[in-house]
Each structure stands twice: as C-alpha cells, then as structure tokens.
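Undergrad: Take a look at query-v5.cif, mmCIF, N, CA and C atoms:
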```
data_coords
#
loop_
_atom_site.label_atom_id
_atom_site.label_comp_id
_atom_site.auth_asym_id
_atom_site.auth_seq_id
_atom_site.Cartn_x
_atom_site.Cartn_y
_atom_site.Cartn_z
N MET A 1 -14.21 -7.70 -187.39
CA MET A 1 -14.24 -6.26 -187.35
C MET A 1 -13.67 -5.77 -186.04
N SER A 2 -13.06 -4.61 -186.07
CA SER A 2 -12.58 -3.98 -184.85
C SER A 2 -13.18 -2.58 -184.74
N TYR A 3 -13.14 -2.06 -183.52
CA TYR A 3 -13.71 -0.75 -183.23
C TYR A 3 -12.62 0.22 -182.81
N SER A 4 -12.58 1.38 -183.45
CA SER A 4 -11.68 2.44 -183.00
C SER A 4 -12.35 3.13 -181.81
N ILE A 5 -11.62 3.97 -181.13
CA ILE A 5 -12.16 4.61 -179.93
C ILE A 5 -13.41 5.44 -180.22
N ASP A 6 -13.50 6.02 -181.41
CA ASP A 6 -14.67 6.83 -181.77
C ASP A 6 -15.91 5.98 -182.02
N GLN A 7 -15.75 4.69 -182.18
CA GLN A 7 -16.88 3.80 -182.43
C GLN A 7 -17.38 3.09 -181.17
N LEU A 8 -16.69 3.30 -180.06
CA LEU A 8 -17.04 2.63 -178.81
C LEU A 8 -17.97 3.52 -177.98
N VAL A 9 -18.87 2.88 -177.23
CA VAL A 9 -19.78 3.60 -176.34
C VAL A 9 -19.83 2.90 -174.98
N ILE A 10 -20.06 3.68 -173.95
CA ILE A 10 -20.22 3.12 -172.61
C ILE A 10 -21.39 2.13 -172.64
N GLY A 11 -21.19 0.98 -172.02
CA GLY A 11 -22.23 -0.05 -171.97
C GLY A 11 -22.15 -1.08 -173.08
N GLN A 12 -21.32 -0.83 -174.08
CA GLN A 12 -21.16 -1.78 -175.19
C GLN A 12 -20.56 -3.08 -174.64
N LYS A 13 -21.10 -4.22 -175.08
CA LYS A 13 -20.68 -5.53 -174.56
C LYS A 13 -20.36 -6.50 -175.68
N ALA A 14 -19.57 -7.51 -175.32
CA ALA A 14 -19.31 -8.65 -176.20
C ALA A 14 -18.96 -9.83 -175.30
N HIS A 15 -19.07 -11.05 -175.85
CA HIS A 15 -18.74 -12.24 -175.06
C HIS A 15 -18.22 -13.36 -175.95
N PHE A 16 -17.62 -14.34 -175.29
CA PHE A 16 -17.12 -15.55 -175.94
C PHE A 16 -17.37 -16.71 -174.98
N GLU A 17 -17.79 -17.85 -175.50
CA GLU A 17 -18.03 -19.03 -174.68
C GLU A 17 -17.17 -20.19 -175.12
N LYS A 18 -16.73 -20.97 -174.13
CA LYS A 18 -15.92 -22.16 -174.41
C LYS A 18 -16.10 -23.17 -173.28
N THR A 19 -16.16 -24.43 -173.65
CA THR A 19 -16.18 -25.51 -172.66
C THR A 19 -14.73 -25.92 -172.41
N ILE A 20 -14.34 -25.91 -171.14
CA ILE A 20 -12.97 -26.26 -170.76
C ILE A 20 -12.82 -27.78 -170.80
N SER A 21 -11.85 -28.24 -171.57
CA SER A 21 -11.64 -29.68 -171.76
C SER A 21 -10.35 -30.16 -171.08
N GLU A 22 -10.26 -31.47 -170.99
CA GLU A 22 -9.04 -32.11 -170.49
C GLU A 22 -7.84 -31.67 -171.33
N SER A 23 -8.00 -31.65 -172.65
CA SER A 23 -6.88 -31.27 -173.51
C SER A 23 -6.48 -29.81 -173.32
N ASP A 24 -7.44 -28.94 -173.03
CA ASP A 24 -7.09 -27.54 -172.73
C ASP A 24 -6.15 -27.47 -171.53
N ILE A 25 -6.48 -28.22 -170.49
CA ILE A 25 -5.65 -28.22 -169.29
C ILE A 25 -4.28 -28.81 -169.58
N GLN A 26 -4.24 -29.92 -170.28
CA GLN A 26 -2.95 -30.55 -170.60
C GLN A 26 -2.07 -29.63 -171.45
N MET A 27 -2.67 -29.00 -172.46
CA MET A 27 -1.88 -28.08 -173.30
C MET A 27 -1.39 -26.90 -172.50
N PHE A 28 -2.22 -26.36 -171.61
CA PHE A 28 -1.79 -25.22 -170.80
C PHE A 28 -0.66 -25.63 -169.86
N CYS A 29 -0.72 -26.84 -169.33
CA CYS A 29 0.39 -27.34 -168.49
C CYS A 29 1.69 -27.30 -169.28
N GLY A 30 1.64 -27.77 -170.53
CA GLY A 30 2.84 -27.78 -171.36
C GLY A 30 3.32 -26.39 -171.71
N ILE A 31 2.41 -25.49 -172.00
CA ILE A 31 2.77 -24.12 -172.37
C ILE A 31 3.32 -23.36 -171.17
N SER A 32 2.63 -23.47 -170.04
CA SER A 32 2.98 -22.64 -168.87
C SER A 32 4.02 -23.28 -167.96
N GLY A 33 4.11 -24.61 -167.99
CA GLY A 33 4.98 -25.30 -167.04
C GLY A 33 4.32 -25.51 -165.68
N ASP A 34 3.07 -25.06 -165.53
CA ASP A 34 2.35 -25.20 -164.27
C ASP A 34 1.66 -26.57 -164.24
N ILE A 35 2.31 -27.52 -163.58
CA ILE A 35 1.73 -28.86 -163.47
C ILE A 35 1.33 -29.14 -162.02
N ASN A 36 0.83 -28.13 -161.36
CA ASN A 36 0.31 -28.27 -160.00
C ASN A 36 -0.64 -29.47 -159.98
N PRO A 37 -0.45 -30.39 -159.02
CA PRO A 37 -1.30 -31.59 -158.98
C PRO A 37 -2.81 -31.31 -158.95
N VAL A 38 -3.23 -30.19 -158.43
CA VAL A 38 -4.66 -29.89 -158.38
C VAL A 38 -5.26 -29.78 -159.79
N HIS A 39 -4.39 -29.55 -160.78
CA HIS A 39 -4.83 -29.46 -162.17
C HIS A 39 -4.73 -30.79 -162.91
N VAL A 40 -3.80 -31.64 -162.51
CA VAL A 40 -3.51 -32.84 -163.30
C VAL A 40 -3.80 -34.17 -162.61
N SER A 41 -3.99 -34.17 -161.32
CA SER A 41 -4.19 -35.41 -160.57
C SER A 41 -5.60 -35.48 -159.98
N LYS A 42 -6.34 -36.49 -160.36
CA LYS A 42 -7.69 -36.70 -159.81
C LYS A 42 -7.60 -36.87 -158.29
N LEU A 43 -6.60 -37.59 -157.82
CA LEU A 43 -6.42 -37.82 -156.39
C LEU A 43 -6.15 -36.50 -155.66
N ALA A 44 -5.18 -35.73 -156.16
CA ALA A 44 -4.85 -34.45 -155.52
C ALA A 44 -6.03 -33.48 -155.58
N GLY A 45 -6.69 -33.43 -156.73
CA GLY A 45 -7.86 -32.56 -156.86
C GLY A 45 -8.95 -32.94 -155.89
N GLY A 46 -9.17 -34.24 -155.72
CA GLY A 46 -10.19 -34.73 -154.81
C GLY A 46 -9.89 -34.39 -153.36
N LYS A 47 -8.63 -34.33 -153.01
CA LYS A 47 -8.23 -34.00 -151.63
C LYS A 47 -8.16 -32.49 -151.39
N SER A 48 -8.26 -31.72 -152.46
CA SER A 48 -8.14 -30.26 -152.32
C SER A 48 -9.44 -29.64 -151.84
N VAL A 49 -9.40 -28.38 -151.54
CA VAL A 49 -10.57 -27.61 -151.13
C VAL A 49 -11.65 -27.62 -152.22
N PHE A 50 -11.27 -27.89 -153.48
CA PHE A 50 -12.21 -27.88 -154.60
C PHE A 50 -12.95 -29.21 -154.76
N GLY A 51 -12.42 -30.29 -154.20
CA GLY A 51 -13.07 -31.58 -154.29
C GLY A 51 -12.89 -32.31 -155.60
N ASP A 52 -12.17 -31.71 -156.54
CA ASP A 52 -11.92 -32.32 -157.85
C ASP A 52 -10.84 -31.49 -158.54
N ARG A 53 -10.37 -31.97 -159.68
CA ARG A 53 -9.41 -31.21 -160.47
C ARG A 53 -10.05 -29.92 -160.96
N VAL A 54 -9.24 -28.88 -161.05
CA VAL A 54 -9.72 -27.60 -161.54
C VAL A 54 -8.80 -27.07 -162.64
N ALA A 55 -9.37 -26.22 -163.47
CA ALA A 55 -8.59 -25.55 -164.52
C ALA A 55 -7.74 -24.45 -163.90
N HIS A 56 -6.65 -24.13 -164.55
CA HIS A 56 -5.81 -23.01 -164.14
C HIS A 56 -6.62 -21.72 -164.27
N GLY A 57 -6.55 -20.87 -163.27
CA GLY A 57 -7.26 -19.59 -163.34
C GLY A 57 -6.82 -18.75 -164.53
N ILE A 58 -5.54 -18.74 -164.80
CA ILE A 58 -5.03 -17.92 -165.91
C ILE A 58 -5.45 -18.49 -167.26
N LEU A 59 -5.59 -19.79 -167.36
CA LEU A 59 -6.12 -20.39 -168.59
C LEU A 59 -7.53 -19.85 -168.84
N VAL A 60 -8.36 -19.88 -167.83
CA VAL A 60 -9.74 -19.42 -167.96
C VAL A 60 -9.79 -17.92 -168.23
N SER A 61 -8.92 -17.16 -167.59
CA SER A 61 -8.91 -15.71 -167.82
C SER A 61 -8.50 -15.37 -169.25
N GLY A 62 -7.81 -16.28 -169.91
CA GLY A 62 -7.44 -16.07 -171.31
C GLY A 62 -8.63 -15.94 -172.24
N LEU A 63 -9.79 -16.43 -171.82
CA LEU A 63 -10.99 -16.27 -172.65
C LEU A 63 -11.37 -14.80 -172.77
N THR A 64 -11.07 -14.01 -171.75
CA THR A 64 -11.31 -12.57 -171.82
C THR A 64 -10.44 -11.96 -172.92
N SER A 65 -9.21 -12.44 -173.03
CA SER A 65 -8.32 -11.96 -174.08
C SER A 65 -8.91 -12.21 -175.46
N ALA A 66 -9.58 -13.35 -175.61
CA ALA A 66 -10.21 -13.67 -176.89
C ALA A 66 -11.30 -12.65 -177.24
N VAL A 67 -12.07 -12.24 -176.24
CA VAL A 67 -13.12 -11.24 -176.50
C VAL A 67 -12.49 -9.91 -176.89
N LEU A 68 -11.50 -9.48 -176.13
CA LEU A 68 -10.87 -8.18 -176.39
C LEU A 68 -10.15 -8.16 -177.74
N GLY A 69 -9.43 -9.21 -178.05
CA GLY A 69 -8.63 -9.25 -179.27
C GLY A 69 -9.40 -9.57 -180.54
N MET A 70 -10.56 -10.19 -180.38
CA MET A 70 -11.29 -10.62 -181.57
C MET A 70 -12.64 -9.92 -181.77
N GLN A 71 -13.20 -9.33 -180.70
CA GLN A 71 -14.54 -8.75 -180.80
C GLN A 71 -14.63 -7.30 -180.37
N LEU A 72 -14.24 -7.00 -179.12
CA LEU A 72 -14.44 -5.66 -178.57
C LEU A 72 -13.26 -5.25 -177.73
N PRO A 73 -12.44 -4.36 -178.19
CA PRO A 73 -12.48 -3.61 -179.43
C PRO A 73 -12.18 -4.42 -180.69
N GLY A 74 -11.48 -5.56 -180.56
CA GLY A 74 -11.25 -6.42 -181.71
C GLY A 74 -9.82 -6.42 -182.21
N PRO A 75 -9.59 -7.01 -183.39
CA PRO A 75 -8.23 -7.13 -183.93
C PRO A 75 -7.48 -5.79 -183.94
N GLY A 76 -6.24 -5.85 -183.50
CA GLY A 76 -5.41 -4.65 -183.41
C GLY A 76 -5.39 -4.05 -182.02
N THR A 77 -6.24 -4.54 -181.12
CA THR A 77 -6.28 -4.04 -179.74
C THR A 77 -4.99 -4.39 -179.02
N ILE A 78 -4.50 -3.46 -178.24
CA ILE A 78 -3.33 -3.70 -177.39
C ILE A 78 -3.82 -3.81 -175.95
N TYR A 79 -3.55 -4.96 -175.34
CA TYR A 79 -3.96 -5.27 -173.97
C TYR A 79 -2.93 -4.64 -173.04
N LEU A 80 -3.31 -3.65 -172.26
CA LEU A 80 -2.37 -2.93 -171.40
C LEU A 80 -2.34 -3.44 -169.97
N GLY A 81 -3.46 -3.93 -169.49
CA GLY A 81 -3.50 -4.39 -168.10
C GLY A 81 -4.79 -5.10 -167.77
N GLN A 82 -4.73 -5.87 -166.67
CA GLN A 82 -5.90 -6.63 -166.24
C GLN A 82 -5.84 -6.80 -164.74
N GLU A 83 -6.93 -6.49 -164.07
CA GLU A 83 -7.09 -6.83 -162.66
C GLU A 83 -8.07 -8.00 -162.61
N LEU A 84 -7.75 -9.02 -161.81
CA LEU A 84 -8.57 -10.22 -161.75
C LEU A 84 -8.85 -10.61 -160.31
N LYS A 85 -10.04 -11.15 -160.11
CA LYS A 85 -10.36 -11.80 -158.84
C LYS A 85 -11.02 -13.13 -159.20
N PHE A 86 -10.41 -14.21 -158.75
CA PHE A 86 -10.94 -15.56 -158.99
C PHE A 86 -11.94 -15.86 -157.88
N THR A 87 -13.21 -16.02 -158.24
CA THR A 87 -14.27 -16.12 -157.23
C THR A 87 -14.86 -17.52 -157.07
N ALA A 88 -14.60 -18.41 -158.02
CA ALA A 88 -15.10 -19.79 -157.93
C ALA A 88 -14.25 -20.67 -158.85
N PRO A 89 -14.13 -21.95 -158.52
CA PRO A 89 -13.33 -22.85 -159.36
C PRO A 89 -14.01 -23.16 -160.69
N VAL A 90 -13.18 -23.53 -161.66
CA VAL A 90 -13.66 -24.00 -162.95
C VAL A 90 -13.20 -25.44 -163.10
N TYR A 91 -14.15 -26.31 -163.36
CA TYR A 91 -13.88 -27.74 -163.49
C TYR A 91 -13.87 -28.14 -164.96
N ILE A 92 -13.27 -29.29 -165.24
CA ILE A 92 -13.29 -29.84 -166.59
C ILE A 92 -14.75 -30.02 -167.01
N ASP A 93 -15.05 -29.64 -168.22
CA ASP A 93 -16.38 -29.67 -168.83
C ASP A 93 -17.29 -28.52 -168.43
N ASP A 94 -16.80 -27.58 -167.63
CA ASP A 94 -17.57 -26.35 -167.38
C ASP A 94 -17.56 -25.52 -168.66
N THR A 95 -18.67 -24.90 -168.95
CA THR A 95 -18.75 -23.97 -170.08
C THR A 95 -18.67 -22.56 -169.51
N ILE A 96 -17.67 -21.83 -169.95
CA ILE A 96 -17.40 -20.50 -169.43
C ILE A 96 -17.77 -19.44 -170.46
N ARG A 97 -18.47 -18.42 -169.99
CA ARG A 97 -18.83 -17.26 -170.82
C ARG A 97 -18.02 -16.08 -170.29
N ALA A 98 -17.09 -15.60 -171.11
CA ALA A 98 -16.29 -14.43 -170.78
C ALA A 98 -16.95 -13.22 -171.43
N GLU A 99 -17.27 -12.22 -170.63
CA GLU A 99 -17.96 -11.03 -171.13
C GLU A 99 -17.19 -9.78 -170.74
N VAL A 100 -17.17 -8.83 -171.65
CA VAL A 100 -16.56 -7.53 -171.37
C VAL A 100 -17.59 -6.44 -171.62
N GLU A 101 -17.46 -5.35 -170.89
CA GLU A 101 -18.36 -4.20 -171.06
C GLU A 101 -17.55 -2.92 -170.95
N VAL A 102 -17.71 -2.04 -171.91
CA VAL A 102 -17.02 -0.75 -171.88
C VAL A 102 -17.58 0.09 -170.73
N VAL A 103 -16.69 0.52 -169.82
CA VAL A 103 -17.13 1.33 -168.68
C VAL A 103 -16.51 2.72 -168.66
N GLU A 104 -15.41 2.91 -169.40
CA GLU A 104 -14.76 4.22 -169.43
C GLU A 104 -14.01 4.36 -170.74
N ILE A 105 -14.08 5.55 -171.33
CA ILE A 105 -13.37 5.85 -172.57
C ILE A 105 -12.57 7.12 -172.34
N VAL A 106 -11.24 7.03 -172.54
CA VAL A 106 -10.35 8.18 -172.38
C VAL A 106 -9.80 8.50 -173.77
N LYS A 107 -10.56 9.28 -174.53
CA LYS A 107 -10.22 9.53 -175.94
C LYS A 107 -8.86 10.15 -176.12
N GLU A 108 -8.50 11.12 -175.28
CA GLU A 108 -7.23 11.83 -175.46
C GLU A 108 -6.01 10.92 -175.29
N LYS A 109 -6.17 9.79 -174.62
CA LYS A 109 -5.08 8.82 -174.45
C LYS A 109 -5.30 7.55 -175.26
N ASN A 110 -6.43 7.47 -175.99
CA ASN A 110 -6.82 6.27 -176.74
C ASN A 110 -6.81 5.03 -175.84
N ILE A 111 -7.45 5.19 -174.67
CA ILE A 111 -7.52 4.12 -173.67
C ILE A 111 -8.98 3.82 -173.37
N VAL A 112 -9.28 2.53 -173.21
CA VAL A 112 -10.63 2.09 -172.85
C VAL A 112 -10.52 1.15 -171.65
N ILE A 113 -11.41 1.35 -170.69
CA ILE A 113 -11.50 0.48 -169.53
C ILE A 113 -12.77 -0.36 -169.70
N LEU A 114 -12.62 -1.66 -169.49
CA LEU A 114 -13.75 -2.58 -169.62
C LEU A 114 -13.90 -3.42 -168.36
N ALA A 115 -15.12 -3.56 -167.89
CA ALA A 115 -15.40 -4.52 -166.82
C ALA A 115 -15.32 -5.90 -167.45
N THR A 116 -14.72 -6.85 -166.75
CA THR A 116 -14.60 -8.22 -167.25
C THR A 116 -15.26 -9.16 -166.26
N ARG A 117 -15.97 -10.14 -166.80
CA ARG A 117 -16.66 -11.11 -165.94
C ARG A 117 -16.77 -12.43 -166.68
N SER A 118 -16.43 -13.50 -166.00
CA SER A 118 -16.58 -14.83 -166.57
C SER A 118 -17.51 -15.62 -165.67
N THR A 119 -18.46 -16.31 -166.29
CA THR A 119 -19.43 -17.10 -165.56
C THR A 119 -19.45 -18.53 -166.10
N ASN A 120 -19.89 -19.46 -165.25
CA ASN A 120 -20.01 -20.85 -165.72
C ASN A 120 -21.42 -21.11 -166.23
N GLN A 121 -21.69 -22.34 -166.59
CA GLN A 121 -22.97 -22.72 -167.17
C GLN A 121 -24.14 -22.52 -166.21
N ASN A 122 -23.85 -22.34 -164.93
CA ASN A 122 -24.90 -22.09 -163.94
C ASN A 122 -25.03 -20.60 -163.62
N ASN A 123 -24.39 -19.78 -164.44
CA ASN A 123 -24.37 -18.32 -164.28
C ASN A 123 -23.68 -17.88 -162.98
N LYS A 124 -22.79 -18.71 -162.46
CA LYS A 124 -22.00 -18.35 -161.28
C LYS A 124 -20.73 -17.64 -161.76
N THR A 125 -20.45 -16.50 -161.17
CA THR A 125 -19.25 -15.76 -161.53
C THR A 125 -18.02 -16.51 -161.04
N VAL A 126 -17.09 -16.77 -161.96
CA VAL A 126 -15.85 -17.47 -161.61
C VAL A 126 -14.64 -16.53 -161.62
N ILE A 127 -14.72 -15.45 -162.42
CA ILE A 127 -13.67 -14.44 -162.47
C ILE A 127 -14.34 -13.09 -162.70
N GLN A 128 -13.87 -12.08 -162.00
CA GLN A 128 -14.32 -10.73 -162.30
C GLN A 128 -13.13 -9.80 -162.23
N GLY A 129 -13.22 -8.70 -162.96
CA GLY A 129 -12.11 -7.77 -162.96
C GLY A 129 -12.33 -6.60 -163.89
N GLN A 130 -11.21 -6.05 -164.31
CA GLN A 130 -11.22 -4.87 -165.16
C GLN A 130 -10.01 -4.90 -166.08
N ALA A 131 -10.25 -4.62 -167.35
CA ALA A 131 -9.18 -4.60 -168.34
C ALA A 131 -8.95 -3.19 -168.84
N THR A 132 -7.71 -2.88 -169.13
CA THR A 132 -7.34 -1.61 -169.75
C THR A 132 -6.73 -1.94 -171.11
N VAL A 133 -7.29 -1.33 -172.16
CA VAL A 133 -6.82 -1.62 -173.51
C VAL A 133 -6.66 -0.34 -174.32
N MET A 134 -5.90 -0.49 -175.38
CA MET A 134 -5.77 0.56 -176.38
C MET A 134 -6.39 0.03 -177.66
N PRO A 135 -7.54 0.57 -178.06
CA PRO A 135 -8.17 0.07 -179.29
C PRO A 135 -7.36 0.43 -180.52
N PRO A 136 -7.59 -0.27 -181.62
CA PRO A 136 -6.83 0.04 -182.85
C PRO A 136 -7.19 1.43 -183.37
N LYS A 137 -6.25 2.04 -184.06
CA LYS A 137 -6.49 3.36 -184.67
C LYS A 137 -7.41 3.23 -185.89
N HIS A 138 -7.34 2.07 -186.54
CA HIS A 138 -8.13 1.83 -187.75
C HIS A 138 -8.75 0.45 -187.66
N SER A 139 -9.89 0.24 -188.28
CA SER A 139 -10.53 -1.07 -188.31
C SER A 139 -9.73 -2.03 -189.18
N PHE A 140 -9.72 -3.28 -188.78
CA PHE A 140 -9.05 -4.34 -189.57
C PHE A 140 -10.05 -5.07 -190.40
#
```
Translate the structure described by the file into structure tokens.
TA:
Amino acid sequence: MSYSIDQLVIGQKAHFEKTISESDIQMFCGISGDINPVHVSKLAGGKSVFGDRVAHGILVSGLTSAVLGMQLPGPGTIYLGQELKFTAPVYIDDTIRAEVEVVEIVKEKNIVILATRSTNQNNKTVIQGQATVMPPKHSF
C-alpha cells in the first residue's frame, strides 16, 4: 500500500530491518565499482580506524530507500533528496533498522519531509538525516 499526501500525518513512522552480509558488500562492490580495501580486505579493515571491514555507507543508506519506496509513503514515491550523516560504522553481520518519520507536509507542492535514522542491533545510530519525497498521487 502507498499513502497519498492527504493520508500522511506528522509523526507517522515506518521501518525496515536487514542484516548486512558478506554477499551484500560483494554485490555492492560490483554494482558501484567501489572496491575500497576497507570494505573488501580483512587486513586493510583491521588496520583502519574501524578495526575491521565495514559496509559502504551508501549501501546501508539504501535501506532508507526501501522504507520510502515500499512503506511510507510507499510504491510510487519519488525520492527527491537526502541529507545524510554517517555517525558510526556498520560491520558485516550487523542488523540495521532504517526508520523514517514524517516531520513536514507541504500539500500545495505535494512534498513530504521525513527524518531518517538507521540504528544497529545495539540501538546505536549509524546514519541520520532527512529525506525529501513526493508521495504518489494515487495508492498502488
């Protein structure tokens, strides 16, 4: 289900959870071309400030896209913009919860602003930001 602008309310939330796997990182390397050793080499990751291999920040931020495109507002949503701040590393086997919350509705422009936050299994914030979307005109 998707929500049109008239069905959205301030404070409305949705989330999606996923455990980041080795194959997620490998596939993202192939898709993006980003094979930075901190993502693919145990040795390089161990020598880095993170102490181990980490997932790509943009890979993890893609979980927010899943919430926006599939839940809130849902199918038919047009993603217009995203501000992100990466606040902690994400390691292989971390379970990430991406959550969005409606914080502003601009009906005359059919625009919605949502706070975005991703946390790990220890409830530590790993990404925070704000998304700007255009919800669908009709439910799918």
Undergrad: Starting from the shown file, work through the PyMOL selection byres ((chain A and resi 11) around 8) and note down what comes out as an mmCIF file with N, CA and C atoms, keeping the file's coordinate frame.
TA:
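To be explicit, this is the file written out as expr_24.cif:
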```cif
data_model
loop_
_atom_site.group_PDB
_atom_site.id
_atom_site.type_symbol
_atom_site.label_atom_id
_atom_site.label_comp_id
_atom_site.auth_asym_id
_atom_site.auth_seq_id
_atom_site.Cartn_x
_atom_site.Cartn_y
_atom_site.Cartn_z
ATOM 1 N N LEU A 8 -16.690 3.300 -180.060
ATOM 2 C CA LEU A 8 -17.040 2.630 -178.810
ATOM 3 C C LEU A 8 -17.970 3.520 -177.980
ATOM 4 N N VAL A 9 -18.870 2.880 -177.230
ATOM 5 C CA VAL A 9 -19.780 3.600 -176.340
ATOM 6 C C VAL A 9 -19.830 2.900 -174.980
ATOM 7 N N ILE A 10 -20.060 3.680 -173.950
ATOM 8 C CA ILE A 10 -20.220 3.120 -172.610
ATOM 9 C C ILE A 10 -21.390 2.130 -172.640
ATOM 10 N N GLN A 12 -21.320 -0.830 -174.080
ATOM 11 C CA GLN A 12 -21.160 -1.780 -175.190
ATOM 12 C C GLN A 12 -20.560 -3.080 -174.640
ATOM 13 N N LYS A 13 -21.100 -4.220 -175.080
ATOM 14 C CA LYS A 13 -20.680 -5.530 -174.560
ATOM 15 C C LYS A 13 -20.360 -6.500 -175.680
ATOM 16 N N ALA A 14 -19.570 -7.510 -175.320
ATOM 17 C CA ALA A 14 -19.310 -8.650 -176.200
ATOM 18 C C ALA A 14 -18.960 -9.830 -175.300
ATOM 19 N N VAL A 100 -17.170 -8.830 -171.650
ATOM 20 C CA VAL A 100 -16.560 -7.530 -171.370
ATOM 21 C C VAL A 100 -17.590 -6.440 -171.620
ATOM 22 N N GLU A 101 -17.460 -5.350 -170.890
ATOM 23 C CA GLU A 101 -18.360 -4.200 -171.060
ATOM 24 C C GLU A 101 -17.550 -2.920 -170.950
ATOM 25 N N VAL A 102 -17.710 -2.040 -171.910
ATOM 26 C CA VAL A 102 -17.020 -0.750 -171.880
ATOM 27 C C VAL A 102 -17.580 0.090 -170.730
ATOM 28 N N VAL A 103 -16.690 0.520 -169.820
ATOM 29 C CA VAL A 103 -17.130 1.330 -168.680
ATOM 30 C C VAL A 103 -16.510 2.720 -168.660
ATOM 31 N N GLU A 104 -15.410 2.910 -169.400
ATOM 32 C CA GLU A 104 -14.760 4.220 -169.430
ATOM 33 C C GLU A 104 -14.010 4.360 -170.740
#
```
Undergrad: Given the PyMOL selection byres ((chain A and resi 127-133) around 6) and the file above, list the residues it selects as a ChimeraX atom specification.
TA: /A:78-88,110-119,125-126,134-135
Undergrad: Grab the residues selected above and save them as a short mmCIF file (atom, residue, chain, number, x, y, z; two decimals), in the coordinates of the input with N, CA and C atoms.
TA:
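Final output, saved to selection.cif:
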```cif
data_model
loop_
_atom_site.label_atom_id
_atom_site.label_comp_id
_atom_site.auth_asym_id
_atom_site.auth_seq_id
_atom_site.Cartn_x
_atom_site.Cartn_y
_atom_site.Cartn_z
N ILE A 78 -4.50 -3.46 -178.24
CA ILE A 78 -3.33 -3.70 -177.39
C ILE A 78 -3.82 -3.81 -175.95
N TYR A 79 -3.55 -4.96 -175.34
CA TYR A 79 -3.96 -5.27 -173.97
C TYR A 79 -2.93 -4.64 -173.04
N LEU A 80 -3.31 -3.65 -172.26
CA LEU A 80 -2.37 -2.93 -171.40
C LEU A 80 -2.34 -3.44 -169.97
N GLY A 81 -3.46 -3.93 -169.49
CA GLY A 81 -3.50 -4.39 -168.10
C GLY A 81 -4.79 -5.10 -167.77
N GLN A 82 -4.73 -5.87 -166.67
CA GLN A 82 -5.90 -6.63 -166.24
C GLN A 82 -5.84 -6.80 -164.74
N GLU A 83 -6.93 -6.49 -164.07
CA GLU A 83 -7.09 -6.83 -162.66
C GLU A 83 -8.07 -8.00 -162.61
N LEU A 84 -7.75 -9.02 -161.81
CA LEU A 84 -8.57 -10.22 -161.75
C LEU A 84 -8.85 -10.61 -160.31
N LYS A 85 -10.04 -11.15 -160.11
CA LYS A 85 -10.36 -11.80 -158.84
C LYS A 85 -11.02 -13.13 -159.20
N PHE A 86 -10.41 -14.21 -158.75
CA PHE A 86 -10.94 -15.56 -158.99
C PHE A 86 -11.94 -15.86 -157.88
N THR A 87 -13.21 -16.02 -158.24
CA THR A 87 -14.27 -16.12 -157.23
C THR A 87 -14.86 -17.52 -157.07
N ALA A 88 -14.60 -18.41 -158.02
CA ALA A 88 -15.10 -19.79 -157.93
C ALA A 88 -14.25 -20.67 -158.85
N ASN A 110 -6.43 7.47 -175.99
CA ASN A 110 -6.82 6.27 -176.74
C ASN A 110 -6.81 5.03 -175.84
N ILE A 111 -7.45 5.19 -174.67
CA ILE A 111 -7.52 4.12 -173.67
C ILE A 111 -8.98 3.82 -173.37
N VAL A 112 -9.28 2.53 -173.21
CA VAL A 112 -10.63 2.09 -172.85
C VAL A 112 -10.52 1.15 -171.65
N ILE A 113 -11.41 1.35 -170.69
CA ILE A 113 -11.50 0.48 -169.53
C ILE A 113 -12.77 -0.36 -169.70
N LEU A 114 -12.62 -1.66 -169.49
CA LEU A 114 -13.75 -2.58 -169.62
C LEU A 114 -13.90 -3.42 -168.36
N ALA A 115 -15.12 -3.56 -167.89
CA ALA A 115 -15.40 -4.52 -166.82
C ALA A 115 -15.32 -5.90 -167.45
N THR A 116 -14.72 -6.85 -166.75
CA THR A 116 -14.60 -8.22 -167.25
C THR A 116 -15.26 -9.16 -166.26
N ARG A 117 -15.97 -10.14 -166.80
CA ARG A 117 -16.66 -11.11 -165.94
C ARG A 117 -16.77 -12.43 -166.68
N SER A 118 -16.43 -13.50 -166.00
CA SER A 118 -16.58 -14.83 -166.57
C SER A 118 -17.51 -15.62 -165.67
N THR A 119 -18.46 -16.31 -166.29
CA THR A 119 -19.43 -17.10 -165.56
C THR A 119 -19.45 -18.53 -166.10
N THR A 125 -20.45 -16.50 -161.17
CA THR A 125 -19.25 -15.76 -161.53
C THR A 125 -18.02 -16.51 -161.04
N VAL A 126 -17.09 -16.77 -161.96
CA VAL A 126 -15.85 -17.47 -161.61
C VAL A 126 -14.64 -16.53 -161.62
N MET A 134 -5.90 -0.49 -175.38
CA MET A 134 -5.77 0.56 -176.38
C MET A 134 -6.39 0.03 -177.66
N PRO A 135 -7.54 0.57 -178.06
CA PRO A 135 -8.17 0.07 -179.29
C PRO A 135 -7.36 0.43 -180.52
#
```
Undergrad: DSSP says helix (DSSP H, G or I) for which residues of chain A? Put them as JSON, numbers by chain?
TA: {"A": [5, 6, 7, 22, 23, 24, 25, 26, 27, 28, 29, 30, 31, 32, 37, 38, 39, 40, 42, 43, 44, 45, 46, 47, 57, 58, 59, 60, 61, 62, 63, 64, 65, 66, 67, 68, 69, 70, 107, 108, 109]}
Undergrad: What is the distance between atom CA of Ser65 of chain A and atom N of Lys109 of chain A, in Å to one decimal?
TA: 21.9 Å
Undergrad: Enter the distance from atom CA of Val90 of chain A to atom CA of Pro73 of chain A, in Å, rounded to one decimal.
TA: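 So the two atoms, atom CA of Val90 of chain A and atom CA of Pro73 of chain A, lie 26.2 Å apart.
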Undergrad: As number ranges by chain, please: every residue in chain A that DSSP puts in strand (DSSP E or B).
TA: A: 13-19, 78-86, 95-106, 111-119, 125-134
Undergrad: Hey, which of A:Pro37, A:Leu63, A:Glu22, A:Leu68 ends up closest to Ile96 of chain A? Count only N, CA and C atoms.
TA: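 When distances to Ile96 of chain A are compared using only N, CA and C atoms, the smallest one comes from A:Leu63.
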